[in-house]
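Enquirer: The structure is given below, and queries will be raised subsequently.
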Amino acid sequence: MKSGKEIRCSLCREPAVTRIAYAKLWLCKKHFIEFIEKRILETINRYRLAGRGQRILVAVSGGKDSITTLYMLHKASMEMGFKVIALHIDLGIGMYSKISRETVEHFCQSLRIPLITLDLKTLTGYSLPEFVHKTRRPPCSICGLLKRYLINVVAQEIKADAVALGHHLDDLLPYIFKNFILQNLFEISKLGPRTESENGLVGRIRPLYEVSEHEIALYAKLSNLPFVDEECPYAGKKNLDKQVKEFLNSLESLHPGIKISFARAVARNIHVYKALSTTKPLKKCMVCGAPSNDDICSFCKLTNRVAGKPLGAEVRLKIRDALSSLGLLE
Ligand code: AMP
Ligand code: FES
Ligand code: ZN
Ligand code: ZN
C-alpha cells in the first residue's frame, strides 16, 4: 500500500487489502472474500460442475487449494442440494503427511463433512518414500499414479457423480500451454473445468478453474481457513513449467484478464481437443477391473514390481471395507 494516503476499497471506502487489476478494483477484506466466493460459485454454475441430488467426492491434500475447494463446495452444497464427501490419502511422507492428515481431519470435523482417510502403507504395505526407494522412479509420477488410482476406486465405490480437485488457473494454464507447444492437443481436453465420467473413470471437476494462485492464497488467509503451508518435500523444480508460469504471469501484468480469457476460450473448445483422441478405448484391468490402457493397469504393474504381486483387487476390497464401516457404500 502507498505511504501517506491509504488506498480505499472501490466498493465501500474501507481500507483496501488488494487490487484486482483485471476488474479495475481495489477491495477491502470483506469485498475481496465476496468477490472470490462469487467467482467460484459462478464457475460451479457456468460449467455445471455440481447439481441437485449429486454426490461429489472432494480430494483434499490439506493445502490451501484443496481446502478452499472443499470449503466452497460445502457452502454451495447446502444451497444447491448436493452432497459433499471428503477424501484424504495419507502418503506416509513423514511429518508432512502427519500434519496434512491432522489438518484435513480437524477441518472436516469442524464443518461436519464426512471424511474418508486412506493410509497408503496400510493399504499396500508401503509408504510413498518406500515406493520411490524400491522403483527409483520420480516421486511425483508415482505419487500421481497412486493418487489417481485410489481416488477413482473410492469414487466408483461410493458412486460419486464427480471428483473435485483443487487445481487452479495457475496450475492448469501452464500445462495447457505446454501441451499446446508440444502439440499434445488431446491432453488439453483433460485440463478444463470438468471431464465427463466414462469407461469407469469418474469425471473430475475444478471449481477453482478461474481463480489464480495468489487470489486463493489471500482468500484462504483472510478467511482463516486452516491449511498446510509447507510444500511436499518431493516438490521439484520442473524448470519448463516454472518458466511457462512466469511467462503467463508477465503477460497478465501487461494485459490484465488475459489468463481468464485464455482459460474460458479453452473451456469453450474442450470438445474440439477431445475429438483429437488417438488412444484406443480403455480396457478393464485383468487383475482388478480398473479402467486401463493395457491388460494390466499401472497400479497393478507398480505394486507387482514393489510388493511382488499386483495389489489392485486386494486394495479395492480393503477400501470397500473402510467405506462400509463409514456407511458410505450404497
Ligand atoms: P497434485 O497432484 O499434488 O497437484 O494435487 C492435485 C489435486 O489432487 C489437489 O488439489 C487435491 O484435490 C488432490 N490431492 C493431492 N494430494 C492429495 C492427497 N494426499 N489426498 C487427497 N487428495 C489429494
Ligand atoms: Fe506427491 Fe509430493 S505429494 S510427491
Ligand atoms: Zn469494501
Ligand atoms: Zn489393476
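Chain lettering (A, B, ...) mirrors the order of the C-alpha cells, residue numbering begins at 1 for each chain separately, and ligand numbering begins at 1 in order of display.
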Go through region 126-210 of chain A and collect every residue that DSSP, computed from the backbone, puts in strand (DSSP E); the answer should be as number ranges by chain.
Expert: A: 162-164, 204-205
Enquirer: Can you build me a table of chain A residues sitting at most 7 Å from ligand 2, with the closest atom pair per residue and its distance in Å to one decimal, using only C-alpha atoms and all ligand atoms, sorted by chain and residue number, as a Markdown table?
Expert:
| residue | atom | partner | partner_atom_place_in_ligand_line | distance |
| --- | --- | --- | --- | --- |
| A:Pro139 | CA | ligand 2 | 4 (S) | 4.9 |
| A:Cys140 | CA | ligand 2 | 4 (S) | 3.9 |
| A:Cys143 | CA | ligand 2 | 1 (Fe) | 4.5 |
| A:Gly144 | CA | ligand 2 | 1 (Fe) | 6.3 |
| A:Cys232 | CA | ligand 2 | 2 (Fe) | 4.5 |
| A:Pro233 | CA | ligand 2 | 2 (Fe) | 6.3 |
| A:Tyr234 | CA | ligand 2 | 2 (Fe) | 4.9 |
| A:Ala235 | CA | ligand 2 | 2 (Fe) | 5.6 |
Enquirer: Which residue gives the smallest distance to ligand 4 among A:Asp171, A:Tyr149, A:Asn239, A:Lys134, with only C-alpha atoms and all ligand atoms counted?
Expert: A:Tyr149
Enquirer: Residues contacting ligand 1 - anything with an atom at most 7 Å away, using only C-alpha atoms and all ligand atoms - can you give me those as an NGL selection string?
Expert: :A and (58-61 or 65-66 or 87-91 or 144 or 147 or 164-167)
Enquirer: Of the candidates A:Arg19, A:Arg55, A:Lys29, A:His74, which one gets nearest to ligand 3 if we count only C-alpha atoms and all ligand atoms?
Expert: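 Distance minimum relative to ligand 3 lands on A:Lys29.
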Enquirer: At a cut-off of 12 Å and counting only C-alpha atoms and all ligand atoms, what residues surround ligand 3? Please answer as an MDAnalysis selection string.
Expert: chainID A and resid 7:19 25:35
Enquirer: Could you list the protein, DNA and RNA residues that have any atom within 10 Å of ligand 4, counting only C-alpha atoms and all ligand atoms, and write them as a PDB file with all heavy atoms, in the first residue's frame?
Expert:
ATOM      1  N   TYR A 149      -5.357 -43.572  -8.935  1.00  0.00           N
ATOM      2  CA  TYR A 149      -5.979 -44.889  -8.823  1.00  0.00           C
ATOM      3  C   TYR A 149      -6.894 -44.950  -7.585  1.00  0.00           C
ATOM      4  O   TYR A 149      -8.054 -45.330  -7.676  1.00  0.00           O
ATOM      5  CB  TYR A 149      -4.886 -45.964  -8.732  1.00  0.00           C
ATOM      6  CG  TYR A 149      -5.456 -47.359  -8.674  1.00  0.00           C
ATOM      7  CD1 TYR A 149      -5.752 -48.043  -9.843  1.00  0.00           C
ATOM      8  CD2 TYR A 149      -5.718 -47.990  -7.453  1.00  0.00           C
ATOM      9  CE1 TYR A 149      -6.296 -49.318  -9.809  1.00  0.00           C
ATOM     10  CE2 TYR A 149      -6.259 -49.253  -7.403  1.00  0.00           C
ATOM     11  CZ  TYR A 149      -6.541 -49.919  -8.581  1.00  0.00           C
ATOM     12  OH  TYR A 149      -7.089 -51.172  -8.531  1.00  0.00           O
ATOM     13  N   LYS A 284     -10.423 -53.041 -19.305  1.00  0.00           N
ATOM     14  CA  LYS A 284     -10.509 -53.257 -17.851  1.00  0.00           C
ATOM     15  C   LYS A 284      -9.305 -54.073 -17.423  1.00  0.00           C
ATOM     16  O   LYS A 284      -8.983 -55.071 -18.082  1.00  0.00           O
ATOM     17  CB  LYS A 284     -11.779 -54.054 -17.524  1.00  0.00           C
ATOM     18  CG  LYS A 284     -12.992 -53.193 -17.391  1.00  0.00           C
ATOM     19  CD  LYS A 284     -14.126 -53.988 -16.790  1.00  0.00           C
ATOM     20  CE  LYS A 284     -15.255 -53.050 -16.432  1.00  0.00           C
ATOM     21  NZ  LYS A 284     -16.318 -53.678 -15.696  1.00  0.00           N
ATOM     22  N   CYS A 285      -8.672 -53.655 -16.335  1.00  0.00           N
ATOM     23  CA  CYS A 285      -7.507 -54.403 -15.836  1.00  0.00           C
ATOM     24  C   CYS A 285      -7.927 -55.840 -15.518  1.00  0.00           C
ATOM     25  O   CYS A 285      -8.948 -56.068 -14.858  1.00  0.00           O
ATOM     26  CB  CYS A 285      -6.957 -53.723 -14.582  1.00  0.00           C
ATOM     27  SG  CYS A 285      -5.718 -54.687 -13.725  1.00  0.00           S
ATOM     28  N   MET A 286      -7.125 -56.815 -15.985  1.00  0.00           N
ATOM     29  CA  MET A 286      -7.481 -58.226 -15.769  1.00  0.00           C
ATOM     30  C   MET A 286      -7.398 -58.610 -14.295  1.00  0.00           C
ATOM     31  O   MET A 286      -7.999 -59.580 -13.859  1.00  0.00           O
ATOM     32  CB  MET A 286      -6.522 -59.121 -16.568  1.00  0.00           C
ATOM     33  CG  MET A 286      -6.833 -59.121 -18.060  1.00  0.00           C
ATOM     34  SD  MET A 286      -5.456 -59.743 -19.016  1.00  0.00           S
ATOM     35  CE  MET A 286      -5.368 -61.414 -18.430  1.00  0.00           C
ATOM     36  N   VAL A 287      -6.614 -57.858 -13.517  1.00  0.00           N
ATOM     37  CA  VAL A 287      -6.449 -58.210 -12.100  1.00  0.00           C
ATOM     38  C   VAL A 287      -7.527 -57.552 -11.241  1.00  0.00           C
ATOM     39  O   VAL A 287      -8.145 -58.188 -10.398  1.00  0.00           O
ATOM     40  CB  VAL A 287      -5.060 -57.765 -11.596  1.00  0.00           C
ATOM     41  CG1 VAL A 287      -4.896 -58.087 -10.120  1.00  0.00           C
ATOM     42  CG2 VAL A 287      -3.969 -58.393 -12.422  1.00  0.00           C
ATOM     43  N   CYS A 288      -7.760 -56.246 -11.469  1.00  0.00           N
ATOM     44  CA  CYS A 288      -8.598 -55.522 -10.509  1.00  0.00           C
ATOM     45  C   CYS A 288      -9.844 -54.893 -11.142  1.00  0.00           C
ATOM     46  O   CYS A 288     -10.686 -54.361 -10.436  1.00  0.00           O
ATOM     47  CB  CYS A 288      -7.775 -54.436  -9.812  1.00  0.00           C
ATOM     48  SG  CYS A 288      -7.350 -53.074 -10.908  1.00  0.00           S
ATOM     49  N   GLY A 289      -9.948 -54.938 -12.464  1.00  0.00           N
ATOM     50  CA  GLY A 289     -11.145 -54.401 -13.123  1.00  0.00           C
ATOM     51  C   GLY A 289     -11.128 -52.900 -13.327  1.00  0.00           C
ATOM     52  O   GLY A 289     -12.074 -52.332 -13.885  1.00  0.00           O
ATOM     53  N   ALA A 290     -10.040 -52.243 -12.910  1.00  0.00           N
ATOM     54  CA  ALA A 290      -9.991 -50.775 -13.069  1.00  0.00           C
ATOM     55  C   ALA A 290      -9.791 -50.410 -14.545  1.00  0.00           C
ATOM     56  O   ALA A 290      -9.233 -51.201 -15.305  1.00  0.00           O
ATOM     57  CB  ALA A 290      -8.833 -50.216 -12.242  1.00  0.00           C
ATOM     58  N   PRO A 291     -10.243 -49.200 -14.955  1.00  0.00           N
ATOM     59  CA  PRO A 291     -10.003 -48.773 -16.332  1.00  0.00           C
ATOM     60  C   PRO A 291      -8.503 -48.687 -16.613  1.00  0.00           C
ATOM     61  O   PRO A 291      -7.739 -48.232 -15.766  1.00  0.00           O
ATOM     62  CB  PRO A 291     -10.641 -47.374 -16.399  1.00  0.00           C
ATOM     63  CG  PRO A 291     -10.963 -46.997 -14.996  1.00  0.00           C
ATOM     64  CD  PRO A 291     -10.966 -48.212 -14.155  1.00  0.00           C
ATOM     65  N   SER A 292      -8.113 -49.160 -17.798  1.00  0.00           N
ATOM     66  CA  SER A 292      -6.680 -49.258 -18.072  1.00  0.00           C
ATOM     67  C   SER A 292      -6.411 -49.202 -19.573  1.00  0.00           C
ATOM     68  O   SER A 292      -7.232 -49.650 -20.366  1.00  0.00           O
ATOM     69  CB  SER A 292      -6.197 -50.598 -17.504  1.00  0.00           C
ATOM     70  OG  SER A 292      -4.923 -50.908 -17.977  1.00  0.00           O
ATOM     71  N   ASP A 294      -3.792 -50.814 -20.836  1.00  0.00           N
ATOM     72  CA  ASP A 294      -3.271 -52.158 -21.139  1.00  0.00           C
ATOM     73  C   ASP A 294      -4.125 -53.218 -20.454  1.00  0.00           C
ATOM     74  O   ASP A 294      -5.062 -52.901 -19.735  1.00  0.00           O
ATOM     75  CB  ASP A 294      -1.835 -52.283 -20.609  1.00  0.00           C
ATOM     76  CG  ASP A 294      -0.903 -51.356 -21.359  1.00  0.00           C
ATOM     77  OD1 ASP A 294      -1.168 -51.090 -22.538  1.00  0.00           O
ATOM     78  OD2 ASP A 294       0.072 -50.894 -20.729  1.00  0.00           O
ATOM     79  N   ASP A 295      -3.715 -54.507 -20.649  1.00  0.00           N
ATOM     80  CA  ASP A 295      -4.458 -55.594 -19.988  1.00  0.00           C
ATOM     81  C   ASP A 295      -4.329 -55.498 -18.469  1.00  0.00           C
ATOM     82  O   ASP A 295      -5.210 -55.888 -17.725  1.00  0.00           O
ATOM     83  CB  ASP A 295      -3.920 -56.950 -20.462  1.00  0.00           C
ATOM     84  CG  ASP A 295      -4.282 -57.182 -21.922  1.00  0.00           C
ATOM     85  OD1 ASP A 295      -5.272 -56.563 -22.384  1.00  0.00           O
ATOM     86  OD2 ASP A 295      -3.566 -57.938 -22.604  1.00  0.00           O
ATOM     87  N   ILE A 296      -3.176 -55.024 -18.011  1.00  0.00           N
ATOM     88  CA  ILE A 296      -2.960 -54.844 -16.568  1.00  0.00           C
ATOM     89  C   ILE A 296      -2.782 -53.351 -16.309  1.00  0.00           C
ATOM     90  O   ILE A 296      -2.030 -52.683 -17.027  1.00  0.00           O
ATOM     91  CB  ILE A 296      -1.664 -55.571 -16.112  1.00  0.00           C
ATOM     92  CG1 ILE A 296      -1.635 -57.010 -16.639  1.00  0.00           C
ATOM     93  CG2 ILE A 296      -1.483 -55.475 -14.608  1.00  0.00           C
ATOM     94  CD1 ILE A 296      -2.016 -58.063 -15.700  1.00  0.00           C
ATOM     95  N   CYS A 297      -3.455 -52.838 -15.275  1.00  0.00           N
ATOM     96  CA  CYS A 297      -3.406 -51.380 -15.042  1.00  0.00           C
ATOM     97  C   CYS A 297      -2.061 -50.965 -14.430  1.00  0.00           C
ATOM     98  O   CYS A 297      -1.303 -51.808 -13.921  1.00  0.00           O
ATOM     99  CB  CYS A 297      -4.556 -50.942 -14.131  1.00  0.00           C
ATOM    100  SG  CYS A 297      -4.352 -51.376 -12.405  1.00  0.00           S
ATOM    101  N   SER A 298      -1.780 -49.675 -14.457  1.00  0.00           N
ATOM    102  CA  SER A 298      -0.466 -49.222 -13.987  1.00  0.00           C
ATOM    103  C   SER A 298      -0.322 -49.405 -12.472  1.00  0.00           C
ATOM    104  O   SER A 298       0.797 -49.613 -11.988  1.00  0.00           O
ATOM    105  CB  SER A 298      -0.204 -47.771 -14.391  1.00  0.00           C
ATOM    106  OG  SER A 298      -1.362 -47.024 -14.237  1.00  0.00           O
ATOM    107  N   PHE A 299      -1.414 -49.377 -11.725  1.00  0.00           N
ATOM    108  CA  PHE A 299      -1.326 -49.615 -10.274  1.00  0.00           C
ATOM    109  C   PHE A 299      -0.918 -51.066 -10.022  1.00  0.00           C
ATOM    110  O   PHE A 299      -0.055 -51.350  -9.184  1.00  0.00           O
ATOM    111  CB  PHE A 299      -2.681 -49.307  -9.617  1.00  0.00           C
ATOM    112  CG  PHE A 299      -2.699 -49.503  -8.127  1.00  0.00           C
ATOM    113  CD1 PHE A 299      -2.282 -48.479  -7.281  1.00  0.00           C
ATOM    114  CD2 PHE A 299      -3.125 -50.699  -7.561  1.00  0.00           C
ATOM    115  CE1 PHE A 299      -2.298 -48.649  -5.893  1.00  0.00           C
ATOM    116  CE2 PHE A 299      -3.143 -50.872  -6.178  1.00  0.00           C
ATOM    117  CZ  PHE A 299      -2.725 -49.842  -5.347  1.00  0.00           C
ATOM    118  N   CYS A 300      -1.548 -51.995 -10.727  1.00  0.00           N
ATOM    119  CA  CYS A 300      -1.208 -53.413 -10.537  1.00  0.00           C
ATOM    120  C   CYS A 300       0.224 -53.690 -10.989  1.00  0.00           C
ATOM    121  O   CYS A 300       0.944 -54.458 -10.349  1.00  0.00           O
ATOM    122  CB  CYS A 300      -2.209 -54.312 -11.268  1.00  0.00           C
ATOM    123  SG  CYS A 300      -3.782 -54.413 -10.383  1.00  0.00           S
ATOM    124  N   LYS A 301       0.656 -53.015 -12.079  1.00  0.00           N
ATOM    125  CA  LYS A 301       2.049 -53.208 -12.537  1.00  0.00           C
ATOM    126  C   LYS A 301       3.030 -52.688 -11.488  1.00  0.00           C
ATOM    127  O   LYS A 301       4.023 -53.331 -11.173  1.00  0.00           O
ATOM    128  CB  LYS A 301       2.281 -52.448 -13.847  1.00  0.00           C
ATOM    129  CG  LYS A 301       1.732 -53.149 -15.070  1.00  0.00           C
ATOM    130  CD  LYS A 301       2.127 -52.333 -16.303  1.00  0.00           C
ATOM    131  CE  LYS A 301       1.318 -52.756 -17.497  1.00  0.00           C
ATOM    132  NZ  LYS A 301       1.306 -51.747 -18.552  1.00  0.00           N
ATOM    133  N   LEU A 302       2.732 -51.487 -10.964  1.00  0.00           N
ATOM    134  CA  LEU A 302       3.633 -50.867  -9.991  1.00  0.00           C
ATOM    135  C   LEU A 302       3.710 -51.703  -8.706  1.00  0.00           C
ATOM    136  O   LEU A 302       4.803 -51.966  -8.185  1.00  0.00           O
ATOM    137  CB  LEU A 302       3.141 -49.451  -9.666  1.00  0.00           C
ATOM    138  CG  LEU A 302       3.932 -48.703  -8.601  1.00  0.00           C
ATOM    139  CD1 LEU A 302       5.331 -48.355  -9.092  1.00  0.00           C
ATOM    140  CD2 LEU A 302       3.205 -47.410  -8.182  1.00  0.00           C
ATOM    141  N   THR A 303       2.544 -52.140  -8.208  1.00  0.00           N
ATOM    142  CA  THR A 303       2.563 -52.904  -6.950  1.00  0.00           C
ATOM    143  C   THR A 303       3.204 -54.279  -7.174  1.00  0.00           C
ATOM    144  O   THR A 303       3.859 -54.816  -6.285  1.00  0.00           O
ATOM    145  CB  THR A 303       1.149 -53.032  -6.345  1.00  0.00           C
ATOM    146  OG1 THR A 303       0.241 -53.451  -7.370  1.00  0.00           O
ATOM    147  CG2 THR A 303       0.679 -51.723  -5.755  1.00  0.00           C
ATOM    148  N   ASN A 304       3.050 -54.824  -8.363  1.00  0.00           N
ATOM    149  CA  ASN A 304       3.703 -56.099  -8.675  1.00  0.00           C
ATOM    150  C   ASN A 304       5.223 -55.940  -8.557  1.00  0.00           C
ATOM    151  O   ASN A 304       5.909 -56.799  -7.990  1.00  0.00           O
ATOM    152  CB  ASN A 304       3.320 -56.532 -10.092  1.00  0.00           C
ATOM    153  CG  ASN A 304       3.731 -57.963 -10.367  1.00  0.00           C
ATOM    154  OD1 ASN A 304       3.798 -58.781  -9.448  1.00  0.00           O
ATOM    155  ND2 ASN A 304       4.051 -58.265 -11.612  1.00  0.00           N
ATOM    156  N   PRO A 310       0.461 -58.121  -7.892  1.00  0.00           N
ATOM    157  CA  PRO A 310      -0.407 -56.963  -8.174  1.00  0.00           C
ATOM    158  C   PRO A 310      -1.457 -56.816  -7.079  1.00  0.00           C
ATOM    159  O   PRO A 310      -2.119 -57.782  -6.721  1.00  0.00           O
ATOM    160  CB  PRO A 310      -1.059 -57.330  -9.515  1.00  0.00           C
ATOM    161  CG  PRO A 310      -0.944 -58.810  -9.629  1.00  0.00           C
ATOM    162  CD  PRO A 310       0.211 -59.250  -8.792  1.00  0.00           C
ATOM    163  N   LEU A 311      -1.574 -55.603  -6.550  1.00  0.00           N
ATOM    164  CA  LEU A 311      -2.417 -55.450  -5.345  1.00  0.00           C
ATOM    165  C   LEU A 311      -3.792 -54.819  -5.606  1.00  0.00           C
ATOM    166  O   LEU A 311      -4.550 -54.600  -4.667  1.00  0.00           O
ATOM    167  CB  LEU A 311      -1.674 -54.591  -4.318  1.00  0.00           C
ATOM    168  CG  LEU A 311      -0.398 -55.198  -3.728  1.00  0.00           C
ATOM    169  CD1 LEU A 311       0.256 -54.205  -2.770  1.00  0.00           C
ATOM    170  CD2 LEU A 311      -0.718 -56.498  -2.992  1.00  0.00           C
ATOM    171  N   GLY A 312      -4.106 -54.511  -6.876  1.00  0.00           N
ATOM    172  CA  GLY A 312      -5.345 -53.778  -7.156  1.00  0.00           C
ATOM    173  C   GLY A 312      -6.588 -54.373  -6.515  1.00  0.00           C
ATOM    174  O   GLY A 312      -7.333 -53.680  -5.810  1.00  0.00           O
ATOM    175  N   ALA A 313      -6.802 -55.682  -6.735  1.00  0.00           N
ATOM    176  CA  ALA A 313      -8.046 -56.307  -6.254  1.00  0.00           C
ATOM    177  C   ALA A 313      -8.103 -56.280  -4.721  1.00  0.00           C
ATOM    178  O   ALA A 313      -9.133 -55.958  -4.120  1.00  0.00           O
ATOM    179  CB  ALA A 313      -8.130 -57.738  -6.771  1.00  0.00           C
ATOM    180  N   GLU A 314      -6.946 -56.590  -4.101  1.00  0.00           N
ATOM    181  CA  GLU A 314      -6.867 -56.617  -2.634  1.00  0.00           C
ATOM    182  C   GLU A 314      -7.137 -55.228  -2.039  1.00  0.00           C
ATOM    183  O   GLU A 314      -7.881 -55.090  -1.058  1.00  0.00           O
ATOM    184  CB  GLU A 314      -5.426 -56.991  -2.298  1.00  0.00           C
ATOM    185  CG  GLU A 314      -5.263 -57.930  -1.137  1.00  0.00           C
ATOM    186  CD  GLU A 314      -3.789 -58.342  -1.075  1.00  0.00           C
ATOM    187  OE1 GLU A 314      -3.376 -59.252  -1.828  1.00  0.00           O
ATOM    188  OE2 GLU A 314      -3.064 -57.735  -0.273  1.00  0.00           O
ATOM    189  N   VAL A 315      -6.539 -54.221  -2.655  1.00  0.00           N
ATOM    190  CA  VAL A 315      -6.695 -52.843  -2.163  1.00  0.00           C
ATOM    191  C   VAL A 315      -8.149 -52.405  -2.297  1.00  0.00           C
ATOM    192  O   VAL A 315      -8.725 -51.780  -1.405  1.00  0.00           O
ATOM    193  CB  VAL A 315      -5.732 -51.900  -2.922  1.00  0.00           C
ATOM    194  CG1 VAL A 315      -6.129 -50.446  -2.763  1.00  0.00           C
ATOM    195  CG2 VAL A 315      -4.309 -52.106  -2.434  1.00  0.00           C
ATOM    196  N   ARG A 316      -8.783 -52.768  -3.430  1.00  0.00           N
ATOM    197  CA  ARG A 316     -10.189 -52.405  -3.606  1.00  0.00           C
ATOM    198  C   ARG A 316     -11.054 -53.015  -2.485  1.00  0.00           C
ATOM    199  O   ARG A 316     -11.939 -52.352  -1.938  1.00  0.00           O
ATOM    200  CB  ARG A 316     -10.708 -52.855  -4.973  1.00  0.00           C
ATOM    201  CG  ARG A 316     -12.131 -52.379  -5.267  1.00  0.00           C
ATOM    202  CD  ARG A 316     -12.582 -52.800  -6.639  1.00  0.00           C
ATOM    203  NE  ARG A 316     -12.019 -51.992  -7.683  1.00  0.00           N
ATOM    204  CZ  ARG A 316     -12.627 -50.931  -8.241  1.00  0.00           C
ATOM    205  NH1 ARG A 316     -13.827 -50.555  -7.832  1.00  0.00           N
ATOM    206  NH2 ARG A 316     -12.052 -50.257  -9.196  1.00  0.00           N
TER     207      ARG A 316
END
Enquirer: Taking into account only C-alpha atoms, which residue in the set A:Ser223, A:Ser77, A:Thr195, A:Asn269 is nearest to Ala162 (chain A)?
Expert: A:Thr195
Enquirer: Go through A:Leu73, A:Glu37, A:Val154, A:Leu218 one by one, measure the shortest atom-to-atom distance of each to Arg206 (chain A) using only C-alpha atoms, and give the residue with the smallest value.
Expert: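 Among the listed residues, the smallest separation from Arg206 (chain A) belongs to A:Leu73.
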